[in-house]
$ cat input.cif   # mmCIF, C-alpha atoms
data_data
loop_
_atom_site.label_atom_id
_atom_site.label_comp_id
_atom_site.auth_asym_id
_atom_site.auth_seq_id
_atom_site.Cartn_x
_atom_site.Cartn_y
_atom_site.Cartn_z
CA ALA A 1 -8.60 -2.10 -3.47
CA GLN A 2 -7.97 1.25 -1.92
CA THR A 3 -5.74 3.77 -3.62
CA VAL A 4 -4.14 6.96 -2.34
CA THR A 5 -3.16 9.79 -4.67
CA GLN A 6 -0.86 12.68 -3.96
CA SER A 7 -0.87 14.91 -7.02
CA GLN A 8 1.93 17.24 -5.93
CA PRO A 9 5.35 15.58 -6.29
CA GLU A 10 7.04 18.71 -4.96
CA MET A 11 6.02 21.79 -3.03
CA SER A 12 7.93 24.70 -1.59
CA VAL A 13 7.03 27.34 0.94
CA GLN A 14 8.68 30.34 2.48
CA GLU A 15 9.68 29.92 6.10
CA ALA A 16 6.90 31.04 8.48
CA GLU A 17 4.29 30.79 5.74
CA THR A 18 1.49 28.26 5.36
CA VAL A 19 1.39 25.38 2.89
CA THR A 20 -1.24 22.80 2.05
CA LEU A 21 -0.45 19.33 0.75
CA SER A 22 -3.22 17.50 -1.05
CA CYS A 23 -4.28 13.88 -0.84
CA THR A 24 -7.23 12.03 -2.30
CA TYR A 25 -8.17 8.42 -1.84
CA ASP A 26 -10.54 5.90 -3.26
CA THR A 27 -12.47 3.46 -1.11
CA SER A 28 -15.87 1.84 -0.85
CA GLU A 29 -15.62 1.59 2.92
CA SER A 30 -17.37 3.92 5.33
CA ASP A 31 -15.04 3.50 8.28
CA TYR A 32 -11.29 3.89 8.00
CA TYR A 33 -8.29 5.84 9.20
CA LEU A 34 -6.16 8.38 7.38
CA PHE A 35 -2.64 9.44 8.24
CA TRP A 36 0.06 11.84 7.27
CA TYR A 37 3.60 10.62 7.80
CA LYS A 38 6.76 12.65 7.41
CA GLN A 39 10.04 11.19 6.15
CA PRO A 40 12.98 13.58 6.67
CA PRO A 41 16.39 13.01 5.09
CA SER A 42 17.17 10.54 7.87
CA ARG A 43 14.49 8.29 6.27
CA GLN A 44 12.79 7.73 9.65
CA MET A 45 9.02 7.73 9.15
CA ILE A 46 7.30 9.94 11.69
CA LEU A 47 3.58 10.16 12.30
CA VAL A 48 2.38 13.73 11.84
CA ILE A 49 -1.36 13.43 12.27
CA ARG A 50 -4.21 10.95 12.00
CA GLN A 51 -7.93 11.17 11.34
CA GLU A 52 -10.72 8.70 12.04
CA ALA A 53 -13.28 8.73 9.23
CA TYR A 54 -16.22 8.59 11.60
CA LYS A 55 -15.18 11.87 13.19
CA GLN A 56 -16.36 14.98 11.40
CA GLN A 57 -14.02 17.25 13.29
CA ASN A 58 -10.71 17.85 11.56
CA ALA A 59 -7.65 16.64 13.47
CA THR A 60 -5.11 19.19 14.68
CA GLU A 61 -1.64 18.75 16.11
CA ASN A 62 0.02 22.07 16.92
CA ARG A 63 0.99 23.65 13.58
CA PHE A 64 -0.42 20.73 11.59
CA SER A 65 -4.07 20.40 10.71
CA VAL A 66 -6.10 18.51 8.17
CA ASN A 67 -9.06 19.30 6.00
CA PHE A 68 -10.99 16.04 5.84
CA GLN A 69 -13.74 16.00 3.24
CA LYS A 70 -15.26 12.53 3.44
CA ALA A 71 -17.72 12.90 0.59
CA ALA A 72 -15.01 14.18 -1.70
CA LYS A 73 -12.51 11.60 -0.35
CA SER A 74 -10.02 14.34 0.24
CA PHE A 75 -7.53 14.63 3.11
CA SER A 76 -5.23 17.63 2.84
CA LEU A 77 -2.53 18.63 5.31
CA LYS A 78 -1.99 22.24 6.28
CA ILE A 79 1.29 23.27 7.84
CA SER A 80 1.22 26.68 9.47
CA ASP A 81 4.23 28.80 10.35
CA SER A 82 6.51 26.53 8.33
CA GLN A 83 9.89 25.80 9.85
CA LEU A 84 13.13 24.58 8.31
CA GLY A 85 12.70 21.30 10.17
CA ASP A 86 9.48 20.66 8.27
CA ALA A 87 11.45 19.95 5.11
CA ALA A 88 10.78 16.30 4.25
CA MET A 89 8.81 13.88 2.14
CA TYR A 90 5.20 13.74 3.27
CA PHE A 91 3.16 10.60 2.71
CA CYS A 92 -0.58 10.29 3.00
CA ALA A 93 -1.77 6.84 4.07
CA TYR A 94 -5.04 4.92 4.37
CA ARG A 95 -6.00 2.07 6.67
CA THR A 96 -9.26 0.21 6.87
CA ALA A 97 -11.02 0.05 10.21
CA ASP A 98 -11.59 -3.69 9.80
CA PHE A 99 -10.34 -5.53 12.83
CA GLY A 100 -7.25 -7.58 12.07
CA ASN A 101 -6.40 -5.75 8.84
CA GLU A 102 -3.84 -3.15 9.74
CA LYS A 103 -2.17 -2.66 6.38
CA LEU A 104 -1.33 0.87 5.33
CA THR A 105 -1.67 2.04 1.74
CA PHE A 106 0.62 4.96 0.99
CA GLY A 107 0.46 7.69 -1.60
CA THR A 108 3.48 8.51 -3.73
CA GLY A 109 4.58 11.37 -1.51
CA THR A 110 5.16 15.11 -1.73
CA ARG A 111 8.61 16.56 -1.24
CA LEU A 112 8.33 19.76 0.78
CA THR A 113 11.09 22.34 0.61
CA ILE A 114 11.26 25.23 3.07
CA ILE A 115 12.79 28.41 1.69
CA PRO A 116 14.64 30.41 4.35
CA GLY B 1 4.56 6.35 20.66
CA ALA B 2 6.29 3.03 20.32
CA VAL B 3 10.07 2.76 20.03
CA VAL B 4 11.17 0.56 17.15
CA SER B 5 14.77 -0.45 16.65
CA GLN B 6 15.96 -1.72 13.29
CA HIS B 7 19.39 -3.20 12.72
CA PRO B 8 21.61 -2.86 10.81
CA SER B 9 21.08 0.59 9.38
CA ARG B 10 23.32 -0.11 6.42
CA VAL B 11 24.60 -3.34 4.90
CA ILE B 12 26.71 -4.03 1.86
CA CYS B 13 27.00 -7.60 0.68
CA LYS B 14 28.15 -9.64 -2.27
CA SER B 15 25.71 -11.11 -4.72
CA GLY B 16 24.56 -14.56 -3.64
CA THR B 17 24.88 -14.01 0.09
CA SER B 18 22.03 -13.78 2.57
CA VAL B 19 21.34 -10.79 4.77
CA LYS B 20 19.31 -10.67 7.97
CA ILE B 21 17.58 -7.51 9.17
CA GLU B 22 16.18 -7.27 12.67
CA CYS B 23 13.22 -5.25 13.86
CA ARG B 24 12.64 -4.90 17.59
CA SER B 25 9.79 -3.35 19.50
CA LEU B 26 11.53 -1.94 22.56
CA ASP B 27 8.75 -0.82 24.81
CA PHE B 28 5.76 -3.06 24.20
CA GLN B 29 4.77 -6.44 22.83
CA ALA B 30 3.94 -6.36 19.14
CA THR B 31 1.85 -9.22 17.80
CA THR B 32 2.01 -7.72 14.33
CA MET B 33 4.91 -6.16 12.48
CA PHE B 34 5.18 -5.04 8.89
CA TRP B 35 7.99 -5.03 6.36
CA TYR B 36 8.17 -2.43 3.61
CA ARG B 37 10.47 -1.79 0.72
CA GLN B 38 11.22 1.67 -0.60
CA PHE B 39 13.02 2.39 -3.85
CA PRO B 40 14.73 5.77 -4.30
CA LYS B 41 12.29 8.64 -4.53
CA GLN B 42 9.35 6.27 -4.33
CA SER B 43 6.73 5.37 -1.79
CA LEU B 44 6.70 2.51 0.68
CA MET B 45 5.45 -0.79 -0.66
CA LEU B 46 4.24 -3.35 1.84
CA MET B 47 6.06 -6.64 1.43
CA ALA B 48 4.55 -8.72 4.19
CA THR B 49 2.77 -8.75 7.50
CA SER B 50 4.63 -10.57 10.23
CA ASN B 51 2.52 -12.32 12.85
CA GLU B 52 4.00 -13.59 16.08
CA GLY B 53 3.92 -17.34 16.26
CA SER B 54 2.57 -17.90 12.78
CA LYS B 55 3.57 -17.60 9.16
CA ALA B 56 3.92 -14.20 7.59
CA THR B 57 1.37 -12.98 5.10
CA TYR B 58 3.04 -11.85 1.89
CA GLU B 59 1.75 -9.32 -0.57
CA GLN B 60 1.15 -10.32 -4.14
CA GLY B 61 4.34 -10.49 -6.14
CA VAL B 62 6.66 -10.85 -3.13
CA GLU B 63 8.65 -14.10 -3.16
CA LYS B 64 8.27 -15.72 0.23
CA ASP B 65 11.24 -18.01 -0.35
CA LYS B 66 13.46 -15.05 -1.10
CA PHE B 67 12.29 -12.78 1.69
CA LEU B 68 12.07 -15.00 4.76
CA ILE B 69 10.27 -13.51 7.74
CA ASN B 70 10.42 -14.88 11.24
CA HIS B 71 8.46 -13.40 14.12
CA ALA B 72 9.69 -15.62 16.92
CA SER B 73 8.76 -13.38 19.83
CA LEU B 74 6.50 -10.48 20.65
CA THR B 75 9.39 -8.06 20.36
CA LEU B 76 11.42 -9.33 17.42
CA SER B 77 10.80 -9.91 13.73
CA THR B 78 13.54 -10.67 11.23
CA LEU B 79 13.65 -10.33 7.48
CA THR B 80 16.23 -12.44 5.67
CA VAL B 81 17.00 -11.63 2.07
CA THR B 82 18.27 -14.92 0.70
CA SER B 83 20.73 -15.18 -2.17
CA ALA B 84 20.70 -11.43 -2.61
CA HIS B 85 21.17 -9.92 -6.05
CA PRO B 86 21.79 -6.32 -7.11
CA GLU B 87 18.11 -5.84 -7.89
CA ASP B 88 17.38 -6.49 -4.20
CA SER B 89 19.27 -3.32 -3.32
CA SER B 90 16.76 -1.07 -1.65
CA PHE B 91 15.69 0.56 1.59
CA TYR B 92 13.84 -1.84 3.89
CA ILE B 93 11.67 -0.50 6.69
CA CYS B 94 9.80 -2.29 9.44
CA SER B 95 6.90 -1.05 11.50
CA VAL B 96 4.86 -2.21 14.46
CA SER B 97 1.27 -1.64 15.40
CA GLY B 98 1.13 0.61 18.41
CA LEU B 99 -0.83 0.24 21.59
CA ALA B 100 -3.52 2.24 19.82
CA LYS B 101 -3.94 -0.37 17.15
CA ASN B 102 -4.64 2.01 14.32
CA ILE B 103 -1.17 3.58 14.38
CA GLN B 104 2.03 2.14 12.97
CA TYR B 105 5.43 3.16 14.30
CA PHE B 106 8.42 2.75 12.07
CA GLY B 107 12.02 1.69 12.45
CA ALA B 108 14.78 3.84 10.99
CA GLY B 109 15.23 1.54 8.02
CA THR B 110 18.02 -0.54 6.53
CA ARG B 111 19.79 0.37 3.34
CA LEU B 112 20.83 -2.80 1.53
CA SER B 113 23.40 -2.59 -1.24
CA VAL B 114 24.18 -5.79 -3.13
CA LEU B 115 27.36 -5.71 -5.18
#
$ encode --input "input.cif" --output "structure tokens"
Amino acid sequence: AQTVTQSQPEMSVQEAETVTLSCTYDTSESDYYLFWYKQPPSRQMILVIRQEAYKQQNATENRFSVNFQKAAKSFSLKISDSQLGDAAMYFCAYRTADFGNEKLTFGTGTRLTIIP
Amino acid sequence: GAVVSQHPSRVICKSGTSVKIECRSLDFQATTMFWYRQFPKQSLMLMATSNEGSKATYEQGVEKDKFLINHASLTLSTLTVTSAHPEDSSFYICSVSGLAKNIQYFGAGTRLSVL
């Protein structure tokens, strides 16, 4: 079974600075998808960014980018120019690419605090 | 992305009663929906996969007779917590697979408190 590990229960960053959240995973599969979801105090889960394992290029969405290291099974999230609205729980998630199996496996989350 | 509506957002009930939570996909037909449970300060744990027109697939350790799932249409799945007890108090979240099948979109969640 796949596992997802987030080793940083809490992180903080000064507003406008850059922060990196770490995520590692364990799988024997070669094709899969990785995601970062954000859960603000409202508890609504919001997709931040996704990465297909077969793509070598790191995904980028505005201020959010990932560092995907397939051999190391590492998938970190970098948030640039941090804003107060970025404060939330961040969950890393894994999904197999197998057709018909759409289950997500989540890490334990990292609580990000933005310091004004 | 997909718009997912979950209702109610908050429910308080007495021990022994049953509670129904609805999850609606508002802007597309969802053949598959998912139900998660989240304890305070913890991650999301998948409870079951809801398939339209067929029985739900439950994760190991989840009591199917206690957590009844019905996916009667392509836009609606319901989770019924039967004979709720205080230990069932939790945050329940549904999600749907988006048009791009490798993305899940989430409802806003339901906080269940059983007295």
$ resolve_selection --input "input.cif" --expression "the PyMOL selection byres ((chain B and resi 70) around 8)" --output "PyMOL selection string"
chain B and resi 50+55-56+68-69+71-72+77-79
$ write_last_selection --input "input.cif" --atoms "C-alpha atoms" --output "PDB file, in the coordinates of the input"
ATOM      1  CA  SER B  50       4.630 -10.570  10.230  1.00  0.00           C
ATOM      2  CA  LYS B  55       3.570 -17.600   9.160  1.00  0.00           C
ATOM      3  CA  ALA B  56       3.920 -14.200   7.590  1.00  0.00           C
ATOM      4  CA  LEU B  68      12.070 -15.000   4.760  1.00  0.00           C
ATOM      5  CA  ILE B  69      10.270 -13.510   7.740  1.00  0.00           C
ATOM      6  CA  HIS B  71       8.460 -13.400  14.120  1.00  0.00           C
ATOM      7  CA  ALA B  72       9.690 -15.620  16.920  1.00  0.00           C
ATOM      8  CA  SER B  77      10.800  -9.910  13.730  1.00  0.00           C
ATOM      9  CA  THR B  78      13.540 -10.670  11.230  1.00  0.00           C
ATOM     10  CA  LEU B  79      13.650 -10.330   7.480  1.00  0.00           C
TER      11      LEU B  79
END
$ atom_distance --input "input.cif" --atom1 "CA of Lys38 in chain A" --atom2 "CA of Tyr94 in chain A"
14.4 Å
$ interface_residues --input "input.cif" --of "chain B" --to "chain A" --cutoff "10 Å" --atoms "only C-alpha atoms" --output "MDAnalysis selection string"
chainID B and resid 1 32:34 41:46 48:49 91 93 95:97 101:111
$ resolve_selection --input "input.cif" --expression "the PyMOL selection byres ((chain A and resi 65) around 12)" --output "list in words"
Thr18, Val19, Thr20, Leu21, Phe35, Trp36, Val48, Ile49, Arg50, Gln51, Gln57, Asn58, Ala59, Thr60, Glu61, Asn62, Arg63, Phe64, Val66, Asn67, Phe68, Phe75, Ser76, Leu77, Lys78, Ile79, Ser80 and Asp81 of chain A
$ atom_distance --input "input.cif" --atom1 "CA of Arg24 in chain B" --atom2 "CA of Ser90 in chain B"
20.0 Å
$ atom_distance --input "input.cif" --atom1 "CA of Asp86 in chain A" --atom2 "CA of Glu15 in chain A"
9.5 Å
$ residues_near_point --input "input.cif" --point "(5.6, -6.0, 26.1)" --cutoff "12 Å" --atoms "all atoms listed in the file" --output "ChimeraX atom specification"
/B:2-3,24-31,73-76,98-99
$ resolve_selection --input "input.cif" --expression "the PyMOL selection byres ((chain B and resi 67) around 12)" --output "ChimeraX atom specification"
/B:18-21,35-37,47-50,56-59,61-66,68-70,78-84,88,92
$ residues_near_point --input "input.cif" --point "(16.8, -5.6, 17.4)" --cutoff "7 Å" --atoms "only C-alpha atoms" --output "PyMOL selection string"
chain B and resi 5-7+22-24+76
$ residues_around --input "input.cif" --residues "Lys14 in chain B" --least-positions-apart "5" --cutoff "9 Å" --atoms "only C-alpha atoms" --output "list in words"
Ala84, His85, Pro86, Ser113, Val114 and Leu115 of chain B
$ residues_around --input "input.cif" --residues "Tyr25 in chain A" --least-positions-apart "6" --cutoff "6 Å" --atoms "all atoms listed in the file" --output "VMD selection string"
chain A and resid 3 to 5 73
$ build_atoms --input "input.cif" --residues "range 56-68 of chain B" --atoms "N, CA and C atoms" --output "short mmCIF file (atom, residue, chain, number, x, y, z; two decimals), in the coordinates of the input"
data_model
loop_
_atom_site.label_atom_id
_atom_site.label_comp_id
_atom_site.auth_asym_id
_atom_site.auth_seq_id
_atom_site.Cartn_x
_atom_site.Cartn_y
_atom_site.Cartn_z
N ALA B 56 4.16 -15.54 8.08
CA ALA B 56 3.92 -14.20 7.59
C ALA B 56 2.95 -14.24 6.42
N THR B 57 2.27 -13.14 6.23
CA THR B 57 1.37 -12.98 5.10
C THR B 57 2.04 -12.07 4.09
N TYR B 58 2.31 -12.60 2.91
CA TYR B 58 3.04 -11.85 1.89
C TYR B 58 2.09 -11.17 0.91
N GLU B 59 2.52 -10.03 0.46
CA GLU B 59 1.75 -9.32 -0.57
C GLU B 59 1.99 -9.97 -1.93
N GLN B 60 1.06 -9.74 -2.81
CA GLN B 60 1.15 -10.32 -4.14
C GLN B 60 2.43 -9.86 -4.82
N GLY B 61 3.13 -10.81 -5.40
CA GLY B 61 4.34 -10.49 -6.14
C GLY B 61 5.60 -10.56 -5.30
N VAL B 62 5.48 -10.75 -4.00
CA VAL B 62 6.66 -10.85 -3.13
C VAL B 62 6.99 -12.33 -2.94
N GLU B 63 8.23 -12.70 -3.24
CA GLU B 63 8.65 -14.10 -3.16
C GLU B 63 8.92 -14.47 -1.72
N LYS B 64 8.11 -15.35 -1.17
CA LYS B 64 8.27 -15.72 0.23
C LYS B 64 9.54 -16.53 0.48
N ASP B 65 10.01 -17.24 -0.53
CA ASP B 65 11.24 -18.01 -0.35
C ASP B 65 12.48 -17.12 -0.42
N LYS B 66 12.33 -15.96 -0.99
CA LYS B 66 13.46 -15.05 -1.10
C LYS B 66 13.51 -14.11 0.11
N PHE B 67 12.38 -13.70 0.56
CA PHE B 67 12.29 -12.78 1.69
C PHE B 67 11.66 -13.55 2.87
N LEU B 68 12.53 -14.17 3.66
CA LEU B 68 12.07 -15.00 4.76
C LEU B 68 11.81 -14.12 5.98
#
